[in-house]
file upload.txt (compact mmCIF, C-alpha atoms and all ligand atoms)
# COMPACT_ATOMS: atom_id res chain seq x y z
CA MET A 1 -36.76 -15.61 13.28
CA SER A 2 -34.11 -14.26 15.60
CA GLU A 3 -30.48 -13.88 14.71
CA ALA A 4 -27.89 -15.36 17.01
CA PRO A 5 -25.72 -12.42 18.05
CA ARG A 6 -22.81 -12.20 15.65
CA ARG A 7 -19.96 -9.75 15.12
CA ILE A 8 -19.34 -9.32 11.42
CA ALA A 9 -16.85 -6.80 10.07
CA HIS A 10 -16.61 -5.38 6.57
CA LEU A 11 -13.20 -3.93 5.76
CA ASP A 12 -12.61 -1.79 2.67
CA MET A 13 -9.33 -0.12 1.75
CA ASP A 14 -9.42 3.67 1.29
CA ALA A 15 -9.02 4.96 -2.29
CA PHE A 16 -7.23 1.71 -2.88
CA TYR A 17 -5.43 1.97 -6.24
CA ALA A 18 -4.61 5.62 -5.63
CA SER A 19 -3.28 4.93 -2.13
CA VAL A 20 -0.99 2.21 -3.48
CA GLU A 21 0.37 4.68 -6.05
CA LEU A 22 1.06 7.22 -3.29
CA LEU A 23 3.30 4.68 -1.58
CA ARG A 24 5.44 4.81 -4.69
CA TYR A 25 5.14 8.56 -5.29
CA PRO A 26 4.87 10.07 -1.79
CA GLU A 27 5.50 13.54 -3.24
CA LEU A 28 1.88 13.39 -4.52
CA ARG A 29 0.37 13.20 -1.03
CA GLY A 30 -2.29 15.81 -0.49
CA LEU A 31 -2.79 16.40 -4.22
CA PRO A 32 -5.72 15.45 -6.41
CA VAL A 33 -4.63 12.25 -8.19
CA VAL A 34 -6.66 10.02 -10.48
CA ILE A 35 -5.81 6.51 -11.65
CA GLY A 36 -6.78 5.26 -15.08
CA GLY A 37 -4.32 6.43 -17.66
CA GLY A 38 -2.61 4.24 -20.23
CA ARG A 39 1.06 3.97 -21.00
CA ASP A 40 1.51 7.65 -21.87
CA ALA A 41 0.46 8.55 -18.32
CA HIS A 42 3.64 6.98 -16.93
CA PRO A 43 5.64 9.51 -14.91
CA VAL A 44 8.85 10.56 -16.64
CA ARG A 45 12.04 10.72 -14.59
CA GLN A 46 13.76 14.11 -14.94
CA PRO A 47 17.55 14.71 -14.99
CA ASP A 48 17.35 16.00 -11.40
CA GLY A 49 15.79 12.71 -10.25
CA SER A 50 12.27 14.05 -9.77
CA TYR A 51 9.28 12.88 -11.81
CA ARG A 52 7.22 14.77 -14.34
CA PHE A 53 3.63 13.63 -13.98
CA ALA A 54 0.85 13.65 -16.56
CA ARG A 55 -2.04 16.04 -15.90
CA LEU A 56 -5.67 15.22 -16.47
CA ARG A 57 -6.07 18.28 -18.71
CA ASP A 58 -3.70 16.78 -21.29
CA TYR A 59 -5.60 13.50 -21.53
CA VAL A 60 -7.25 12.64 -24.83
CA GLY A 61 -9.23 9.43 -25.23
CA ARG A 62 -12.14 7.46 -23.93
CA GLY A 63 -10.65 6.04 -20.74
CA VAL A 64 -12.48 6.11 -17.43
CA ILE A 65 -11.18 6.76 -13.94
CA THR A 66 -10.75 3.65 -11.81
CA THR A 67 -10.39 5.68 -8.62
CA ALA A 68 -9.29 9.03 -7.27
CA THR A 69 -7.70 10.36 -4.09
CA TYR A 70 -10.05 12.05 -1.64
CA GLU A 71 -8.51 15.40 -2.68
CA ALA A 72 -9.62 14.72 -6.25
CA ARG A 73 -13.05 13.56 -5.09
CA ALA A 74 -13.51 16.92 -3.40
CA LEU A 75 -13.38 18.40 -6.93
CA GLY A 76 -16.19 16.11 -8.05
CA VAL A 77 -14.29 13.39 -9.87
CA GLY A 78 -14.42 9.68 -9.04
CA SER A 79 -14.62 6.06 -10.15
CA ALA A 80 -16.20 5.27 -13.54
CA MET A 81 -16.18 8.91 -14.73
CA GLY A 82 -14.83 9.55 -18.21
CA MET A 83 -11.41 11.16 -17.96
CA MET A 84 -12.09 13.93 -20.44
CA LYS A 85 -15.20 14.85 -18.45
CA ALA A 86 -13.16 14.71 -15.23
CA ALA A 87 -10.54 16.96 -16.81
CA LYS A 88 -13.10 19.75 -16.97
CA LEU A 89 -13.63 19.52 -13.20
CA ALA A 90 -10.03 18.91 -12.16
CA PRO A 91 -7.67 19.92 -14.98
CA ASP A 92 -4.62 20.04 -12.71
CA ALA A 93 -5.18 16.61 -11.18
CA ILE A 94 -2.27 14.21 -11.62
CA LEU A 95 -2.99 11.22 -13.86
CA LEU A 96 -1.32 7.86 -13.27
CA PRO A 97 -1.65 4.55 -15.15
CA VAL A 98 -3.15 1.47 -13.49
CA ASN A 99 -0.66 -1.02 -12.15
CA PHE A 100 -2.57 -4.18 -11.24
CA ASP A 101 0.45 -6.17 -10.13
CA ALA A 102 1.14 -3.68 -7.35
CA TYR A 103 -2.51 -3.64 -6.25
CA ARG A 104 -2.68 -7.44 -6.15
CA GLN A 105 0.49 -7.63 -4.12
CA ILE A 106 -0.80 -5.15 -1.52
CA SER A 107 -4.18 -6.89 -1.58
CA ARG A 108 -2.48 -10.12 -0.57
CA GLN A 109 -0.56 -8.37 2.15
CA PHE A 110 -3.55 -6.71 3.80
CA LYS A 111 -5.57 -9.93 3.74
CA ALA A 112 -2.71 -11.86 5.32
CA ALA A 113 -2.43 -9.17 8.01
CA VAL A 114 -6.13 -9.50 8.83
CA ALA A 115 -5.89 -13.29 8.84
CA SER A 116 -3.14 -13.11 11.43
CA ILE A 117 -5.75 -11.69 13.84
CA ALA A 118 -9.03 -13.10 12.51
CA PRO A 119 -8.64 -16.13 10.24
CA ASP A 120 -12.30 -16.43 9.12
CA TYR A 121 -12.75 -13.99 6.30
CA GLU A 122 -14.61 -13.86 3.01
CA ASP A 123 -12.81 -12.40 0.07
CA ARG A 124 -14.93 -9.83 -1.76
CA GLY A 125 -12.39 -8.72 -4.32
CA ILE A 126 -9.21 -6.78 -4.47
CA ASP A 127 -9.81 -4.26 -1.67
CA GLU A 128 -12.50 -5.65 0.61
CA ILE A 129 -13.36 -8.55 2.86
CA TYR A 130 -15.92 -9.64 5.40
CA ILE A 131 -14.48 -10.91 8.67
CA ASP A 132 -16.30 -13.04 11.22
CA LEU A 133 -15.23 -11.73 14.62
CA THR A 134 -17.87 -13.66 16.57
CA HIS A 135 -15.39 -16.10 18.02
CA VAL A 136 -12.34 -13.85 18.13
CA ALA A 137 -11.40 -12.76 21.65
CA GLY A 138 -11.43 -9.05 22.45
CA GLU A 139 -13.73 -6.08 22.80
CA THR A 140 -15.11 -5.01 19.42
CA ARG A 141 -13.59 -1.54 19.12
CA GLU A 142 -10.21 -2.65 20.38
CA LEU A 143 -10.24 -5.63 18.01
CA ALA A 144 -11.19 -3.52 15.00
CA GLN A 145 -8.46 -0.99 15.86
CA ARG A 146 -5.97 -3.82 16.11
CA ILE A 147 -6.98 -5.02 12.62
CA LYS A 148 -6.63 -1.50 11.21
CA GLN A 149 -3.19 -1.20 12.77
CA ALA A 150 -2.12 -4.59 11.41
CA VAL A 151 -3.25 -3.57 7.91
CA HIS A 152 -1.36 -0.29 8.22
CA ALA A 153 1.78 -1.97 9.53
CA ALA A 154 1.73 -4.49 6.65
CA THR A 155 0.94 -2.07 3.83
CA GLY A 156 1.31 1.54 4.97
CA LEU A 157 -2.33 2.08 4.01
CA THR A 158 -5.54 2.96 5.83
CA CYS A 159 -8.81 1.12 5.59
CA SER A 160 -12.32 1.61 6.89
CA ILE A 161 -14.23 -0.96 8.91
CA GLY A 162 -17.87 -1.45 9.84
CA VAL A 163 -18.76 -3.92 12.58
CA THR A 164 -22.41 -4.95 13.05
CA PRO A 165 -24.46 -8.14 13.50
CA ASN A 166 -24.46 -8.93 9.76
CA LYS A 167 -22.85 -8.43 6.35
CA LEU A 168 -25.53 -6.13 4.99
CA LEU A 169 -25.18 -3.58 7.80
CA SER A 170 -21.39 -3.88 7.96
CA LYS A 171 -21.06 -3.15 4.24
CA ILE A 172 -23.08 0.03 4.73
CA CYS A 173 -21.11 1.00 7.83
CA SER A 174 -17.61 0.58 6.42
CA ASP A 175 -18.51 3.42 4.05
CA LEU A 176 -20.01 5.82 6.59
CA GLU A 177 -16.82 7.36 7.99
CA LYS A 178 -14.36 6.92 5.14
CA PRO A 179 -11.44 7.41 4.95
CA ASN A 180 -9.80 5.72 7.95
CA GLY A 181 -13.21 5.09 9.49
CA LEU A 182 -14.52 2.73 12.13
CA THR A 183 -18.27 2.42 12.60
CA ILE A 184 -19.75 -0.02 15.07
CA LEU A 185 -23.46 -0.46 15.52
CA GLY A 186 -26.15 -2.86 16.70
CA HIS A 187 -29.77 -3.45 15.74
CA GLU A 188 -30.88 -0.81 18.25
CA ASP A 189 -28.97 1.86 16.29
CA ILE A 190 -30.74 1.18 12.98
CA PRO A 191 -33.43 3.89 13.26
CA ALA A 192 -30.93 6.62 14.10
CA ARG A 193 -27.98 5.60 11.92
CA ILE A 194 -29.34 3.60 8.99
CA TRP A 195 -32.85 4.83 8.30
CA PRO A 196 -31.83 8.40 7.34
CA LEU A 197 -29.56 7.04 4.56
CA GLY A 198 -30.58 6.79 0.91
CA VAL A 199 -31.77 3.36 -0.28
CA ARG A 200 -28.80 3.20 -2.69
CA LYS A 201 -26.51 2.59 0.30
CA ILE A 202 -27.87 -0.95 0.53
CA ASN A 203 -25.71 -3.34 -1.44
CA GLY A 204 -28.25 -4.97 -3.77
CA ILE A 205 -30.31 -1.86 -4.51
CA GLY A 206 -28.88 -0.64 -7.78
CA PRO A 207 -29.60 2.50 -9.80
CA LYS A 208 -32.66 0.95 -11.46
CA ALA A 209 -34.39 -0.07 -8.22
CA THR A 210 -33.41 3.28 -6.68
CA GLY A 211 -35.17 5.06 -9.54
CA LYS A 212 -38.27 2.91 -9.21
CA LEU A 213 -38.40 3.46 -5.45
CA ALA A 214 -37.96 7.21 -5.90
CA ALA A 215 -40.97 7.21 -8.25
CA LEU A 216 -42.94 5.68 -5.37
CA GLY A 217 -41.75 8.43 -3.03
CA ILE A 218 -39.27 6.15 -1.26
CA ASP A 219 -35.84 7.74 -0.96
CA THR A 220 -34.49 6.69 2.43
CA ILE A 221 -34.01 3.29 4.00
CA GLY A 222 -36.43 4.35 6.74
CA GLN A 223 -39.11 5.10 4.15
CA LEU A 224 -38.46 1.68 2.64
CA ALA A 225 -38.84 0.03 6.05
CA ALA A 226 -42.16 1.83 6.47
CA ALA A 227 -43.46 0.98 2.97
CA GLU A 228 -46.48 -1.29 2.69
CA ALA A 229 -45.66 -4.87 1.72
CA GLY A 230 -48.38 -4.84 -0.97
CA LEU A 231 -46.95 -1.75 -2.67
CA LEU A 232 -43.47 -3.27 -2.87
CA GLN A 233 -44.85 -6.59 -4.13
CA ASP A 234 -46.81 -4.88 -6.89
CA HIS A 235 -43.74 -3.10 -8.20
CA PHE A 236 -40.90 -5.53 -7.51
CA GLY A 237 -42.41 -9.04 -7.29
CA SER A 238 -42.73 -10.98 -4.08
CA HIS A 239 -39.17 -12.26 -3.87
CA TYR A 240 -37.33 -8.96 -4.24
CA ALA A 241 -40.03 -7.15 -2.22
CA ALA A 242 -39.45 -9.49 0.73
CA TRP A 243 -35.72 -8.95 0.44
CA LEU A 244 -36.15 -5.15 0.29
CA ALA A 245 -38.34 -5.18 3.42
CA ALA A 246 -35.86 -7.32 5.35
CA ALA A 247 -32.85 -5.30 4.19
CA ALA A 248 -34.48 -2.02 5.25
CA ARG A 249 -34.92 -3.48 8.74
CA GLY A 250 -31.27 -4.52 8.83
CA ILE A 251 -32.03 -8.25 8.66
CA ASP A 252 -29.50 -10.47 6.91
CA GLN A 253 -28.61 -14.00 7.90
CA ARG A 254 -25.95 -14.80 5.33
CA ALA A 255 -22.88 -16.48 6.73
CA VAL A 256 -19.39 -15.21 6.07
CA ALA A 257 -18.34 -17.55 3.26
CA THR A 258 -14.70 -18.29 3.74
CA ARG A 259 -14.34 -20.16 0.45
CA THR A 260 -15.09 -18.98 -3.05
CA GLU A 261 -14.78 -22.14 -5.11
CA SER A 262 -18.23 -22.18 -6.75
CA LYS A 263 -17.79 -18.75 -8.33
CA SER A 264 -17.10 -18.09 -11.96
CA ILE A 265 -16.71 -15.12 -14.28
CA SER A 266 -17.55 -15.24 -17.97
CA ARG A 267 -17.65 -13.15 -21.11
CA GLU A 268 -19.54 -14.01 -24.29
CA THR A 269 -20.51 -12.50 -27.61
CA THR A 270 -23.44 -13.23 -29.93
CA PHE A 271 -22.51 -12.53 -33.55
CA GLU A 272 -24.53 -10.34 -35.86
CA ARG A 273 -24.40 -13.10 -38.47
CA ASP A 274 -23.50 -16.75 -38.02
CA LEU A 275 -19.79 -17.26 -38.53
CA HIS A 276 -17.95 -20.12 -40.12
CA VAL A 277 -14.81 -21.41 -38.49
CA ARG A 278 -12.78 -21.54 -41.68
CA GLN A 279 -14.18 -18.65 -43.74
CA ASP A 280 -14.37 -16.30 -40.74
CA ARG A 281 -11.28 -17.53 -39.04
CA ALA A 282 -9.68 -14.09 -38.62
CA VAL A 283 -12.82 -12.55 -37.15
CA LEU A 284 -13.34 -15.43 -34.75
CA SER A 285 -9.75 -15.38 -33.66
CA GLY A 286 -9.99 -11.65 -32.94
CA VAL A 287 -13.21 -12.11 -30.98
CA LEU A 288 -11.71 -14.93 -28.92
CA THR A 289 -8.64 -12.86 -28.10
CA ALA A 290 -10.79 -9.89 -27.07
CA LEU A 291 -13.02 -12.06 -24.87
CA CYS A 292 -9.98 -13.51 -23.14
CA GLU A 293 -8.51 -10.05 -22.60
CA ARG A 294 -11.75 -8.77 -21.09
CA LEU A 295 -12.06 -11.83 -18.89
CA ALA A 296 -8.51 -11.23 -17.69
CA GLU A 297 -9.44 -7.64 -16.81
CA ASP A 298 -12.53 -8.86 -14.91
CA LEU A 299 -10.42 -11.33 -12.97
CA LYS A 300 -7.82 -8.72 -12.12
CA ARG A 301 -10.41 -6.18 -11.14
CA LYS A 302 -12.16 -8.67 -8.86
CA GLY A 303 -8.86 -9.90 -7.46
CA TYR A 304 -9.03 -13.54 -8.53
CA VAL A 305 -6.93 -16.08 -10.31
CA SER A 306 -8.59 -19.04 -12.06
CA ARG A 307 -7.74 -22.71 -12.39
CA THR A 308 -10.45 -23.73 -14.87
CA ILE A 309 -11.06 -22.15 -18.27
CA SER A 310 -14.08 -23.14 -20.40
CA VAL A 311 -15.37 -22.19 -23.81
CA LYS A 312 -19.02 -22.21 -24.82
CA LEU A 313 -20.31 -22.26 -28.40
CA ARG A 314 -23.82 -21.93 -29.74
CA TYR A 315 -24.31 -23.26 -33.26
CA ASP A 316 -26.66 -21.92 -35.91
CA ASP A 317 -29.16 -24.63 -34.84
CA PHE A 318 -29.04 -23.18 -31.30
CA GLN A 319 -27.34 -26.23 -29.83
CA ILE A 320 -24.81 -25.37 -27.16
CA VAL A 321 -21.55 -27.15 -26.38
CA SER A 322 -18.89 -26.34 -23.85
CA ARG A 323 -15.50 -27.75 -22.97
CA ASN A 324 -13.28 -26.95 -20.04
CA LEU A 325 -9.67 -27.34 -19.05
CA THR A 326 -8.34 -27.41 -15.50
CA LEU A 327 -4.82 -26.06 -15.24
CA PRO A 328 -1.98 -27.07 -12.95
CA GLN A 329 -1.27 -23.40 -12.14
CA PRO A 330 -3.92 -20.68 -11.76
CA VAL A 331 -4.01 -18.15 -14.60
CA VAL A 332 -4.93 -14.49 -14.69
CA ASP A 333 -3.53 -12.91 -17.85
CA GLY A 334 -5.18 -12.77 -21.26
CA ALA A 335 -2.54 -14.75 -23.12
CA ALA A 336 -2.69 -17.68 -20.68
CA ILE A 337 -6.50 -17.69 -20.80
CA LEU A 338 -6.38 -17.59 -24.61
CA HIS A 339 -3.99 -20.52 -24.68
CA ALA A 340 -6.32 -22.59 -22.47
CA ALA A 341 -9.39 -21.55 -24.50
CA ARG A 342 -7.70 -22.69 -27.73
CA GLU A 343 -6.98 -26.05 -26.12
CA CYS A 344 -10.68 -26.36 -25.28
CA LEU A 345 -11.68 -25.44 -28.83
CA LYS A 346 -9.61 -28.30 -30.23
CA ARG A 347 -12.11 -30.61 -28.57
CA VAL A 348 -15.36 -29.22 -30.02
CA PRO A 349 -16.95 -30.10 -33.37
CA LEU A 350 -16.64 -27.10 -35.69
CA GLN A 351 -18.64 -28.08 -38.78
CA ARG A 352 -21.66 -25.84 -38.17
CA ARG A 353 -21.69 -22.08 -38.22
CA LEU A 354 -21.48 -20.30 -34.87
CA ARG A 355 -23.92 -17.84 -33.31
CA LEU A 356 -22.17 -17.30 -30.02
CA LEU A 357 -18.77 -17.68 -28.44
CA GLY A 358 -18.07 -17.45 -24.73
CA VAL A 359 -15.15 -17.93 -22.33
CA ARG A 360 -15.50 -18.65 -18.63
CA ALA A 361 -13.06 -18.71 -15.73
CA SER A 362 -14.00 -20.82 -12.72
CA THR A 363 -12.37 -22.44 -9.71
CA LEU A 364 -11.58 -18.90 -8.65
CA GLU A 365 -9.40 -18.08 -5.74
CA PRO A 366 -7.94 -14.90 -4.38
CA PRO A 367 -4.26 -14.65 -5.24
CA GLY A 368 -3.74 -14.43 -1.47
CA ALA A 369 -5.32 -17.85 -0.81
CA ALA A 370 -2.02 -19.61 -1.15
CA THR A 371 -0.34 -17.01 1.06
CA LEU A 372 -2.39 -18.18 3.98
CA LEU A 373 -1.45 -21.81 3.55
CA ARG A 374 2.24 -21.26 3.29
CA VAL A 375 4.51 -18.26 3.10
CA PRO A 376 5.38 -17.69 -0.58
CA LYS A 377 8.56 -16.12 -1.76
CA GLN A 378 8.20 -12.55 -2.98
CA GLY A 379 6.79 -12.46 -6.51
CA GLU A 380 6.34 -16.20 -6.69
CA LEU A 381 2.58 -16.18 -7.15
CA PHE A 382 2.68 -14.09 -10.29
CA ALA A 383 5.94 -15.26 -11.74
P1 LIG B 401 -13.68 0.85 -4.10
O1 LIG B 401 -13.42 0.19 -2.77
O2 LIG B 401 -15.09 0.96 -4.54
O3 LIG B 401 -13.10 2.33 -4.09
P2 LIG B 401 -11.75 2.88 -3.49
O4 LIG B 401 -11.04 1.90 -2.64
O5 LIG B 401 -10.94 3.48 -4.59
O6 LIG B 401 -12.27 4.10 -2.60
P3 LIG B 401 -13.08 4.04 -1.22
O7 LIG B 401 -12.19 4.74 -0.22
O8 LIG B 401 -14.34 4.75 -1.47
O9 LIG B 401 -13.29 2.60 -0.88
O10 LIG B 401 -12.89 0.10 -5.23
C1 LIG B 401 -11.62 -0.51 -5.01
C2 LIG B 401 -10.75 -0.36 -6.24
O11 LIG B 401 -11.39 -0.97 -7.36
C3 LIG B 401 -10.51 1.08 -6.63
O12 LIG B 401 -9.40 1.64 -5.95
C4 LIG B 401 -10.30 0.98 -8.11
C5 LIG B 401 -11.13 -0.20 -8.54
N1 LIG B 401 -12.38 0.27 -9.18
C6 LIG B 401 -12.45 0.34 -10.57
O13 LIG B 401 -11.50 -0.03 -11.26
N2 LIG B 401 -13.60 0.82 -11.14
C7 LIG B 401 -14.68 1.24 -10.41
O14 LIG B 401 -15.71 1.67 -10.97
C8 LIG B 401 -14.61 1.15 -8.97
C9 LIG B 401 -15.76 1.59 -8.11
C10 LIG B 401 -13.44 0.67 -8.41
MG MG B 402 -12.08 0.83 -1.23
MG MG B 403 -14.10 -1.79 -2.29

call {"tool": "encode", "arguments": {"input": "upload.txt", "output": "structure tokens"}}
result
Amino acid sequence: MSEAPRRIAHLDMDAFYASVELLRYPELRGLPVVIGGGRDAHPVRQPDGSYRFARLRDYVGRGVITTATYEARALGVGSAMGMMKAAKLAPDAILLPVNFDAYRQISRQFKAAVASIAPDYEDRGIDEIYIDLTHVAGETRELAQRIKQAVHAATGLTCSIGVTPNKLLSKICSDLEKPNGLTILGHEDIPARIWPLGVRKINGIGPKATGKLAALGIDTIGQLAAAEAGLLQDHFGSHYAAWLAAAARGIDQRAVATRTESKSISRETTFERDLHVRQDRAVLSGVLTALCERLAEDLKRKGYVSRTISVKLRYDDFQIVSRNLTLPQPVVDGAAILHAARECLKRVPLQRRLRLLGVRASTLEPPGAATLLRVPKQGELFA
């Protein structure tokens, strides 16, 4: 099985949410800044026109950091860390609230800038894409530099790019020289550049598999490539074992998927006791609202809008029903999802008690999808 030579890029924005905030508050450049606060982390304008910023040390609550500037990372704080824990490491770090609308807007802009040079790209969420450069004219390094410059010109932000023969290697490489990195490599570079890295660098080897591999004495990708097939099969099953062996050798034939229509995101809850639509109306209504809110957060985080909302119910006899509604305009916020979910619920029988309630968003598209088809007016997509 030989791969036709391809040129696949993975582009990932540097410290994305934090970098967008620095566009708005340039006086914070060079400082440790973390993003993740709620409303009380909003900067307060002072009489002299400057801002007073919240500090991590004053934070009380259970919030987690969405991202941090590289200056803050140097102090040991980063994505998914609890903010009170982070405050111990970086008490003076500036805390800012998340501002998804701004991130989505910049996300659209950087994707449009890339598309102006290389139209075949696969959206991987709010701050990253795969780009197929195979048929784009130009020498690889020069082309990648041109894309980085276009992104910077459109947004004022830096990104990091990996260019290799496939998505798996490019995803690893975009991370190797962050921030503002560019890493280009071919199959011949795998032993020197990829094999010394930890197995966790492979997208698809999560913390659990990493732990299991470590117990087998396999820490690096090179050790994984050298592992006996039988050993991997015994511990991971034949399917995942075969994938692990191929991944460690840098083999990946997936195409860059330029459309995302078959994707969906869902949230569901199984109740501790079966609930009745009339007697437990308040509880059910609260659960539905919360599910819709969480789904909205998932969509925003992944950088999608949705055109189809479905609800799923499981009754006390374990039968499942679902109903969906396709909307004329894509939705992304909790209230709009809730409205659509309620419409769906009007069409399901509600005599039996319920064990489970779920909400799904499908027909997903990046908010930028429409940008590429026509030039929208500022703010139009989220009006
Ligand atoms: P990442 O690309 O993983 O991180 P990043 O862009 O902040 O930093 P890097 O330079 O290492 O790429 O994620 C993109 C955005 O997604 C990030 O800015 C904030 C958000 N995010 C979360 O909300 N929670 C998380 O746990 C992670 C990892 C990211
Ligand atoms: Mg990033
Ligand atoms: Mg990313």

call {"tool": "residues_near_ligand", "arguments": {"input": "upload.txt", "ligand": "ligand MG 403 (chain B)", "cutoff": "8 Å", "atoms": "all atoms listed in the file", "output": "PyMOL selection string"}}
result
chain A and resi 12-13+16+125-128

call {"tool": "write_last_selection", "arguments": {"input": "upload.txt", "atoms": "C-alpha atoms", "output": "JSON list (two decimals), in the coordinates of the input"}}
result
[["chain", "number", "residue", "atom", "x", "y", "z"],
["A", 12, "ASP", "CA", -12.61, -1.79, 2.67],
["A", 13, "MET", "CA", -9.33, -0.12, 1.75],
["A", 16, "PHE", "CA", -7.23, 1.71, -2.88],
["A", 125, "GLY", "CA", -12.39, -8.72, -4.32],
["A", 126, "ILE", "CA", -9.21, -6.78, -4.47],
["A", 127, "ASP", "CA", -9.81, -4.26, -1.67],
["A", 128, "GLU", "CA", -12.50, -5.65, 0.61]]

call {"tool": "residues_near_ligand", "arguments": {"input": "upload.txt", "ligand": "ligand LIG 401 (chain B)", "cutoff": "10 Å", "atoms": "all atoms listed in the file", "output": "JSON, numbers by chain"}}
result
{"A": [11, 12, 13, 14, 15, 16, 17, 18, 19, 20, 34, 35, 36, 64, 65, 66, 67, 68, 69, 70, 73, 78, 79, 80, 81, 98, 100, 103, 125, 126, 127, 128, 158, 159, 160, 174, 175, 176, 177, 178, 179, 180, 181, 297, 298, 300, 301, 302, 303]}

call {"tool": "residues_around", "arguments": {"input": "upload.txt", "residues": "region 153-156 of chain A", "least_positions_apart": "6", "cutoff": "8 Å", "atoms": "only C-alpha atoms", "output": "ChimeraX atom specification"}}
result
/A:23,106,109-110,113

call {"tool": "closest_residue", "arguments": {"input": "upload.txt", "among": "A:Val305, A:Val332, A:Leu284, A:Ile184", "to": "Gly358 (chain A)", "atoms": "all atoms listed in the file"}}
result
A:Leu284

call {"tool": "atom_distance", "arguments": {"input": "upload.txt", "atom1": "CA of Pro330 (chain A)", "atom2": "CA of Ser306 (chain A)"}}
result
5.0 Å

call {"tool": "atom_distance", "arguments": {"input": "upload.txt", "atom1": "CA of Pro366 (chain A)", "atom2": "CA of Ala144 (chain A)"}}
result
22.7 Å

call {"tool": "closest_residue", "arguments": {"input": "upload.txt", "among": "A:Ala87, A:Leu28, A:Leu182, A:Ala341", "to": "Glu71 (chain A)", "atoms": "all atoms listed in the file"}}
result
A:Leu28

call {"tool": "build_atoms", "arguments": {"input": "upload.txt", "residues": "region 42-56 of chain A", "atoms": "N, CA and C atoms", "output": "PDB file, in the frame of the given file"}}
result
ATOM      1  N   HIS A  42       2.522   7.343 -17.808  1.00  0.00           N
ATOM      2  CA  HIS A  42       3.640   6.980 -16.930  1.00  0.00           C
ATOM      3  C   HIS A  42       4.473   8.205 -16.568  1.00  0.00           C
ATOM      4  N   PRO A  43       4.795   8.389 -15.292  1.00  0.00           N
ATOM      5  CA  PRO A  43       5.640   9.510 -14.910  1.00  0.00           C
ATOM      6  C   PRO A  43       7.014   9.404 -15.581  1.00  0.00           C
ATOM      7  N   VAL A  44       7.551  10.547 -15.963  1.00  0.00           N
ATOM      8  CA  VAL A  44       8.850  10.560 -16.640  1.00  0.00           C
ATOM      9  C   VAL A  44       9.906  11.097 -15.678  1.00  0.00           C
ATOM     10  N   ARG A  45      10.951  10.317 -15.502  1.00  0.00           N
ATOM     11  CA  ARG A  45      12.040  10.720 -14.590  1.00  0.00           C
ATOM     12  C   ARG A  45      12.823  11.871 -15.227  1.00  0.00           C
ATOM     13  N   GLN A  46      13.039  12.935 -14.449  1.00  0.00           N
ATOM     14  CA  GLN A  46      13.760  14.110 -14.940  1.00  0.00           C
ATOM     15  C   GLN A  46      15.251  13.982 -14.615  1.00  0.00           C
ATOM     16  N   PRO A  47      16.098  14.780 -15.275  1.00  0.00           N
ATOM     17  CA  PRO A  47      17.550  14.710 -14.990  1.00  0.00           C
ATOM     18  C   PRO A  47      17.853  14.931 -13.505  1.00  0.00           C
ATOM     19  N   ASP A  48      17.059  15.752 -12.816  1.00  0.00           N
ATOM     20  CA  ASP A  48      17.350  16.000 -11.400  1.00  0.00           C
ATOM     21  C   ASP A  48      16.792  14.899 -10.482  1.00  0.00           C
ATOM     22  N   GLY A  49      16.249  13.839 -11.058  1.00  0.00           N
ATOM     23  CA  GLY A  49      15.790  12.710 -10.250  1.00  0.00           C
ATOM     24  C   GLY A  49      14.309  12.779  -9.893  1.00  0.00           C
ATOM     25  N   SER A  50      13.697  13.949 -10.077  1.00  0.00           N
ATOM     26  CA  SER A  50      12.270  14.050  -9.770  1.00  0.00           C
ATOM     27  C   SER A  50      11.450  13.507 -10.949  1.00  0.00           C
ATOM     28  N   TYR A  51      10.156  13.376 -10.741  1.00  0.00           N
ATOM     29  CA  TYR A  51       9.280  12.880 -11.810  1.00  0.00           C
ATOM     30  C   TYR A  51       8.466  14.013 -12.414  1.00  0.00           C
ATOM     31  N   ARG A  52       8.234  13.902 -13.715  1.00  0.00           N
ATOM     32  CA  ARG A  52       7.220  14.770 -14.340  1.00  0.00           C
ATOM     33  C   ARG A  52       5.973  13.920 -14.534  1.00  0.00           C
ATOM     34  N   PHE A  53       4.865  14.395 -13.955  1.00  0.00           N
ATOM     35  CA  PHE A  53       3.630  13.630 -13.980  1.00  0.00           C
ATOM     36  C   PHE A  53       2.688  14.160 -15.048  1.00  0.00           C
ATOM     37  N   ALA A  54       1.879  13.235 -15.609  1.00  0.00           N
ATOM     38  CA  ALA A  54       0.850  13.650 -16.560  1.00  0.00           C
ATOM     39  C   ALA A  54      -0.272  14.358 -15.808  1.00  0.00           C
ATOM     40  N   ARG A  55      -0.902  15.320 -16.479  1.00  0.00           N
ATOM     41  CA  ARG A  55      -2.040  16.040 -15.900  1.00  0.00           C
ATOM     42  C   ARG A  55      -3.304  15.619 -16.639  1.00  0.00           C
ATOM     43  N   LEU A  56      -4.384  15.621 -15.889  1.00  0.00           N
ATOM     44  CA  LEU A  56      -5.670  15.220 -16.470  1.00  0.00           C
ATOM     45  C   LEU A  56      -6.035  16.081 -17.684  1.00  0.00           C
TER      46      LEU A  56
END
